[in-house]
Each structure stands twice: as C-alpha cells, then as structure tokens.
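Quick look at coords16.txt (compact mmCIF, C-alpha atoms):
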# COMPACT_ATOMS: atom_id res chain seq x y z
CA ARG A 1 186.61 150.23 38.57
CA GLN A 2 183.76 151.75 40.56
CA ALA A 3 181.28 150.38 38.01
CA ARG A 4 182.80 146.94 38.41
CA ARG A 5 182.52 147.11 42.20
CA ASP A 6 178.91 148.28 41.91
CA GLY A 7 178.02 145.32 39.69
CA ASP A 8 177.18 147.57 36.72
CA PHE A 9 179.01 145.39 34.24
CA ALA A 10 178.22 147.06 30.89
CA PRO A 11 180.10 150.33 31.60
CA ALA A 12 182.75 148.38 33.48
CA ALA A 13 183.30 146.16 30.44
CA ASP A 14 183.52 149.23 28.20
CA TYR A 15 186.03 150.80 30.59
CA PHE A 16 188.30 147.75 30.64
CA GLU A 17 188.04 147.34 26.86
CA ALA A 18 189.19 150.95 26.44
CA ALA A 19 192.03 150.45 28.91
CA LEU A 20 193.09 147.32 27.06
CA GLU A 21 193.56 149.27 23.83
CA SER A 22 196.47 151.12 25.41
CA ASP A 23 198.18 147.93 26.59
CA PRO A 24 196.71 144.94 24.71
CA GLU A 25 199.37 142.46 25.84
CA ASP A 26 199.14 143.06 29.61
CA PRO A 27 198.06 139.69 31.05
CA GLU A 28 196.61 141.17 34.24
CA LEU A 29 194.54 143.68 32.29
CA LEU A 30 193.48 140.96 29.85
CA SER A 31 192.38 138.77 32.74
CA ALA A 32 190.45 141.57 34.40
CA THR A 33 188.75 142.46 31.11
CA LEU A 34 187.87 138.82 30.51
CA HIS A 35 186.21 138.57 33.92
CA VAL A 36 184.06 141.65 33.47
CA VAL A 37 183.19 140.90 29.82
CA LEU A 38 182.00 137.46 30.91
CA ALA A 39 179.95 139.01 33.68
CA ASP A 40 178.31 141.26 31.10
CA GLY A 41 177.41 138.25 28.95
CA ARG A 42 179.60 139.09 25.97
CA ILE A 43 180.40 135.46 25.25
CA GLU A 44 181.96 135.67 21.80
CA ARG A 45 184.12 138.59 22.88
CA ALA A 46 185.13 136.65 25.99
CA ASN A 47 186.26 133.74 23.84
CA ARG A 48 188.44 136.03 21.73
CA LEU A 49 189.93 137.59 24.85
CA ALA A 50 190.57 134.12 26.28
CA GLY A 51 192.47 133.23 23.12
CA ARG A 52 194.67 136.29 23.48
CA LEU A 53 195.21 135.64 27.18
CA THR A 54 196.20 132.00 26.73
CA ARG A 55 198.70 132.93 24.05
CA ILE A 56 200.46 135.07 26.66
CA GLU A 57 199.68 132.92 29.72
CA PRO A 58 199.18 129.40 28.29
CA ALA A 59 198.05 127.83 31.57
CA ASP A 60 195.60 130.56 32.62
CA GLY A 61 192.69 128.73 34.23
CA LEU A 62 189.83 131.04 33.28
CA GLY A 63 191.14 131.52 29.76
CA ARG A 64 191.33 127.78 29.16
CA LEU A 65 187.93 127.23 30.77
CA VAL A 66 186.28 129.81 28.51
CA ARG A 67 187.90 128.26 25.45
CA ALA A 68 186.89 124.76 26.55
CA VAL A 69 183.26 125.78 27.01
CA HIS A 70 183.29 127.51 23.62
CA ARG A 71 184.63 124.33 21.98
CA ALA A 72 181.97 122.28 23.74
CA THR A 73 179.19 124.53 22.45
CA THR A 74 180.31 123.64 18.92
CA ASN A 75 180.33 119.91 19.83
CA ASP A 76 184.12 119.74 19.57
CA TYR A 77 184.52 117.88 22.85
CA ARG A 78 187.99 116.50 22.15
CA SER A 79 189.34 120.01 21.66
CA ALA A 80 187.45 121.14 24.75
CA ARG A 81 189.14 118.43 26.77
CA ARG A 82 192.55 119.44 25.42
CA GLU A 83 191.89 123.06 26.41
CA LEU A 84 191.16 122.06 30.00
CA GLY A 85 194.21 119.81 30.02
CA LYS A 86 196.41 122.84 29.38
CA ALA A 87 195.06 124.78 32.37
CA ASP A 88 196.77 125.24 35.68
CA GLU A 89 194.17 123.50 37.87
CA ALA A 90 195.01 125.81 40.76
CA GLY A 91 193.68 128.64 38.64
CA LEU A 92 190.39 126.95 37.79
CA ASN A 93 187.20 127.58 39.74
CA PRO A 94 187.14 124.60 42.18
CA LEU A 95 183.53 123.75 41.28
CA VAL A 96 182.98 124.96 37.72
CA GLY A 97 186.24 123.63 36.26
CA PRO A 98 185.75 119.99 37.32
CA LEU A 99 182.03 120.05 36.42
CA VAL A 100 182.80 121.30 32.93
CA LYS A 101 185.44 118.59 32.62
CA ALA A 102 182.99 115.92 33.80
CA TRP A 103 180.37 116.95 31.23
CA ILE A 104 182.95 117.02 28.44
CA LEU A 105 184.07 113.50 29.41
CA ALA A 106 180.42 112.42 29.47
CA GLU A 107 179.98 113.64 25.90
CA LEU A 108 183.05 111.57 24.99
CA GLY A 109 181.58 108.49 26.70
CA ARG A 110 184.35 108.29 29.32
CA ARG A 111 182.20 107.01 32.18
CA GLU A 112 184.99 105.90 34.53
CA GLU A 113 186.82 109.19 34.12
CA VAL A 114 183.61 111.10 34.83
CA GLU A 115 183.15 109.21 38.09
CA GLU A 116 186.77 109.83 39.01
CA VAL A 117 186.44 113.60 38.49
CA LEU A 118 183.18 113.76 40.44
CA GLY A 119 184.60 111.54 43.18
CA VAL A 120 187.50 113.91 43.79
CA LEU A 121 185.18 116.92 43.67
CA GLY A 122 182.81 115.25 46.13
CA GLU A 123 185.54 114.99 48.74
CA ASN A 124 184.66 118.58 49.59
CA ALA A 125 181.55 118.12 51.73
CA ALA A 126 180.35 121.65 50.98
CA LEU A 127 180.07 120.75 47.31
CA SER A 128 178.30 117.42 47.79
CA PRO A 129 174.80 118.66 46.77
CA PHE A 130 176.14 120.02 43.47
CA VAL A 131 178.24 116.92 42.83
CA SER A 132 175.41 114.51 43.57
CA TYR A 133 173.03 116.50 41.36
CA HIS A 134 175.41 116.54 38.41
CA ARG A 135 176.30 112.88 38.94
CA ALA A 136 172.60 112.07 38.57
CA LEU A 137 172.23 114.24 35.47
CA ILE A 138 175.33 112.79 33.83
CA ARG A 139 174.40 109.19 34.57
CA ASP A 140 170.93 109.93 33.21
CA PHE A 141 172.45 111.50 30.10
CA MET A 142 174.74 108.50 29.60
CA GLY A 143 171.89 106.00 29.89
CA ASP A 144 172.90 104.51 33.24
CA ASP A 145 169.36 104.22 34.62
CA ALA A 146 170.25 102.31 37.79
CA GLY A 147 173.11 104.66 38.60
CA ALA A 148 171.01 107.71 37.81
CA ARG A 149 168.20 106.56 40.10
CA GLU A 150 170.68 106.02 42.92
CA ALA A 151 172.19 109.47 42.42
CA TYR A 152 168.82 111.22 42.19
CA VAL A 153 167.73 109.60 45.46
CA GLU A 154 170.99 110.67 47.06
CA THR A 155 170.52 114.23 45.80
CA ILE A 156 167.02 114.48 47.27
CA GLU A 157 168.32 113.13 50.59
CA ILE A 158 171.27 115.55 50.70
CA THR A 159 169.14 118.57 49.84
CA GLY A 160 166.25 117.49 52.07
CA GLY A 161 163.92 117.72 49.08
CA LYS A 162 164.22 121.53 49.18
CA SER A 163 166.01 122.03 45.85
CA ILE A 164 163.40 122.65 43.17
CA ARG A 165 165.91 121.88 40.43
CA ALA A 166 166.78 118.52 41.98
CA VAL A 167 163.10 117.69 42.44
CA GLU A 168 162.24 118.59 38.86
CA ALA A 169 165.15 116.58 37.47
CA SER A 170 164.28 113.58 39.64
CA VAL A 171 160.60 113.75 38.64
CA SER A 172 161.56 113.92 34.97
CA PHE A 173 163.72 110.81 35.34
CA LEU A 174 161.08 108.87 37.28
CA ALA A 175 158.31 109.80 34.84
CA ARG A 176 160.44 108.73 31.87
CA SER A 177 161.17 105.47 33.70
CA GLY A 178 157.46 104.79 34.19
CA SER A 179 157.52 105.51 37.94
CA THR A 180 154.81 108.17 37.78
CA SER A 181 153.54 107.50 41.27
CA GLU A 182 157.00 108.05 42.78
CA ALA A 183 157.38 111.19 40.71
CA ALA A 184 154.09 112.60 41.99
CA ASP A 185 155.11 111.81 45.55
CA LEU A 186 158.25 113.92 45.11
CA TYR A 187 156.14 116.86 44.01
CA ARG A 188 153.81 116.38 47.00
CA ASP A 189 156.77 116.19 49.36
CA TYR A 190 158.05 119.48 47.95
CA LEU A 191 154.64 121.10 48.37
CA ALA A 192 154.69 120.05 52.01
CA ILE A 193 157.83 122.18 52.34
CA ASP A 194 156.65 125.02 50.11
CA PRO A 195 152.83 124.96 50.12
CA GLY A 196 151.11 126.61 47.21
CA ASN A 197 154.20 126.82 44.99
CA PRO A 198 152.52 127.60 41.65
CA VAL A 199 155.19 125.99 39.49
CA ILE A 200 155.12 122.69 41.35
CA GLU A 201 151.33 122.66 41.69
CA ALA A 202 150.96 123.12 37.93
CA ALA A 203 153.60 120.48 37.26
CA LEU A 204 151.86 117.99 39.57
CA GLU A 205 148.53 118.59 37.88
CA ALA A 206 150.14 118.06 34.46
CA LEU A 207 151.81 114.87 35.67
CA GLU A 208 148.52 113.54 37.00
CA ARG A 209 146.90 114.27 33.62
CA GLY A 210 149.57 112.08 32.01
CA GLU A 211 151.36 114.88 30.24
CA THR A 212 155.04 114.56 29.34
CA VAL A 213 157.44 115.80 32.00
CA ALA A 214 160.41 117.64 30.50
CA LEU A 215 163.64 118.31 32.40
Mind converting the file's structure to structure tokens?
Amino acid sequence: RQARRDGDFAPAADYFEAALESDPEDPELLSATLHVVLADGRIERANRLAGRLTRIEPADGLGRLVRAVHRATTNDYRSARRELGKADEAGLNPLVGPLVKAWILAELGRREEVEEVLGVLGENAALSPFVSYHRALIRDFMGDDAGAREAYVETIEITGGKSIRAVEASVSFLARSGSTSEAADLYRDYLAIDPGNPVIEAALEALERGETVAL
C-alpha cells in the first residue's frame, strides 16, 4: 500500500497480485489490483482482471471501460459499445468514459450519437476544452470538414491558442485542406505565446518548405 501511495506502481502491482492469490474473488481487491496494474502499464493483464471483475460485478465501470478499450484496439467496435452499455455510468470516469464511447460511435459511423454524447459532456464547463478538441478530431476523422473546421476554431479560442496539441491538430487539418497560410499563422501565434519553442519553430519551417504536416 505504501508503494501505491508513493506512485511506485511496479512493486505495488506485484503486492496486489500476490494478495489477490489468497482471495481471487474479492471484488474490492480485484478492483484495487486492476487500478494499480493499469497504472503500471500491464494492459493485457488488466484486461484479464477486468474480465474477472465484471463476472463478479457486471456493471463495474472501470472493468467495462477496460474491456471496451481492449475490444476497440482489435477493431471490434460493436462489442466495445456493448461493453460500455453494460457499465454503471456512475462508476465511469466522467471524462474518459464518454470520450471512449464517442470514439467508438465514430468508428461505427454514428455521427448524431457522437454529437449527443459530446453535447452532454460539454455541459460541464470545466471539460469544454477537452470536449471541443475531441469534437474537432472526431469530425475530422469522420470527414466532416466544415464541422471540423468550426470545432478546431472553437478549440483554439477556448484554449487561447496555448494548447500545443490543439494547435498541431488544427494546423494538420488546415494544411490538409489547402489552407497553408492559416496553418502557418497558427504556429506564429503560438510562438508569440511561447517564443523559441523548438518543436513549433521546426514545424513552421517544415510547413513553409511545403512538407507534409502529420497529426
């Protein structure tokens, strides 16, 4: 437990795994082990633990979320959606759960449902930068160029142009859309906030040379 509190997740994960051997069906111990195994990056093990946990606690939010993400990584988006549908939403992370659901729906081509999920999530003002950013990415992914442009502009406005991830994603979209001048202006605006940023300076130089901008 001390290792877990200290953020030293490898020994903490080993500790919880050992404890679980003595009581493998304890849902609280399973949940705690799942958390720390995830934190240690043991993804395949986490998926197996999530399977055991959801057999005992079928609506466990984290268990279903882990299983949904695992299904999505194998391109089985319908199963991923079913996994999330079995979760107690109160037990899901209020940001991660809906975002995962939105991306799964995007892969299934359910545009209206994506917007509905993001709309509800966006009602929390504190989450608006994340929601706007993912709305832009999802619309871009789904080929909604007009909607993506609108959402990218909104994201830059909400973040004040200070989010390097939002700037890079917006530049990538604009460059792919042929709006190279606008894309370069976004980089310059960022450099006005963070002068000399080596990543952005190099990216701007590459853009001006006509090189492909990757997200």
Using all atoms listed in the file, which of A:Leu99, A:Ala59, A:Ala175, A:Leu34 sits nearest Gly85 of chain A?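 For Gly85 of chain A, the nearest of the given residues is A:Ala59.
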Distance query segment 101-115 of chain A at most 7 Å, all atoms listed in the file, self and fewer than 3 positions along chain excluded, as a PDB file with C-alpha atoms, in the frame of the given file:
ATOM      1  CA  TYR A  77     184.520 117.880  22.850  1.00  0.00           C
ATOM      2  CA  ARG A  81     189.140 118.430  26.770  1.00  0.00           C
ATOM      3  CA  GLY A  97     186.240 123.630  36.260  1.00  0.00           C
ATOM      4  CA  PRO A  98     185.750 119.990  37.320  1.00  0.00           C
ATOM      5  CA  LEU A 118     183.180 113.760  40.440  1.00  0.00           C
ATOM      6  CA  GLY A 119     184.600 111.540  43.180  1.00  0.00           C
ATOM      7  CA  ILE A 138     175.330 112.790  33.830  1.00  0.00           C
ATOM      8  CA  MET A 142     174.740 108.500  29.600  1.00  0.00           C
TER       9      MET A 142
END
Compile the contact shell of Glu208 of chain A as a tab-separated table (two decimals) with C-alpha atoms, keeping the file's coordinate frame: residues with an atom at most 12 Å away, counting all atoms listed in the file, same-chain residues fewer than 5 positions apart removed.
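Written out: out-v2.tsv:
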chain	number	residue	atom	x	y	z
A	175	ALA	CA	158.31	109.80	34.84
A	180	THR	CA	154.81	108.17	37.78
A	181	SER	CA	153.54	107.50	41.27
A	182	GLU	CA	157.00	108.05	42.78
A	183	ALA	CA	157.38	111.19	40.71
A	184	ALA	CA	154.09	112.60	41.99
A	185	ASP	CA	155.11	111.81	45.55
A	187	TYR	CA	156.14	116.86	44.01
A	188	ARG	CA	153.81	116.38	47.00
A	201	GLU	CA	151.33	122.66	41.69
A	202	ALA	CA	150.96	123.12	37.93
A	203	ALA	CA	153.60	120.48	37.26
A	213	VAL	CA	157.44	115.80	32.00
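With all atoms listed in the file as the basis for measurement, A:Lys86 is the residue among A:Arg209, A:His134, A:Arg176, A:Lys86 that approaches Gly61 of chain A most closely.
Among the candidates A:Leu20, A:Ile193, A:Leu207, A:Ala125, the one nearest to Glu168 of chain A when counting all atoms listed in the file is A:Leu207.
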One decimal, Å: what's the distance from atom CA of Leu204 of chain A over to atom CA of Ser172 of chain A, could you say? 11.5 Å
Just give me the gap between atom CA of Ala166 of chain A and atom CA of Pro195 of chain A in Å, one decimal is fine.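 According to the coordinates, atom CA of Ala166 of chain A and atom CA of Pro195 of chain A are separated by 17.4 Å.
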For atom CA of Ala18 of chain A and atom CA of Ala46 of chain A, determine how far apart the two atoms are, in Å to one decimal place.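 Spanning atom CA of Ala18 of chain A to atom CA of Ala46 of chain A is a straight-line distance of 14.9 Å.
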So which one's closest to Glu25 of chain A, A:Pro11, A:Gly51, A:Gly147, A:Gly122? Using only C-alpha atoms, please. A:Gly51
Protein/DNA/RNA residues near (191.4, 135.0, 32.9), cut 6 Å, all atoms listed in the file, as a ChimeraX atom specification: /A:31,34,62-63
Could the residues in this selection be saved with C-alpha atoms as a compact mmCIF listing (two decimals), in the frame of the given file?
# COMPACT_ATOMS: atom_id res chain seq x y z
CA SER A 31 192.38 138.77 32.74
CA LEU A 34 187.87 138.82 30.51
CA LEU A 62 189.83 131.04 33.28
CA GLY A 63 191.14 131.52 29.76
Which one of A:Asp140, A:Val199, A:Val96, A:Tyr133 sits closest to Val153 of chain A if you count all atoms listed in the file?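 Of the candidates, the smallest distance to Val153 of chain A is held by A:Tyr133.
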Excluding Leu137 of chain A and residues on its chain fewer than 4 positions from it, collect all residues at most 8 Å away from it, counting all atoms listed in the file, and give them as a ChimeraX atom specification. /A:133,141,148,169
Can you tell me, as a count of residues only, what residues are no more than 9 Å from Leu121 of chain A when counting only C-alpha atoms, ignoring any on the same chain fewer than 5 positions away? 8
Which one is closest to Val171 of chain A: A:Arg48, A:Val66, A:Thr159, A:Thr212? Count all atoms listed in the file.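 Using all atoms listed in the file, Val171 of chain A sits closest to A:Thr212.
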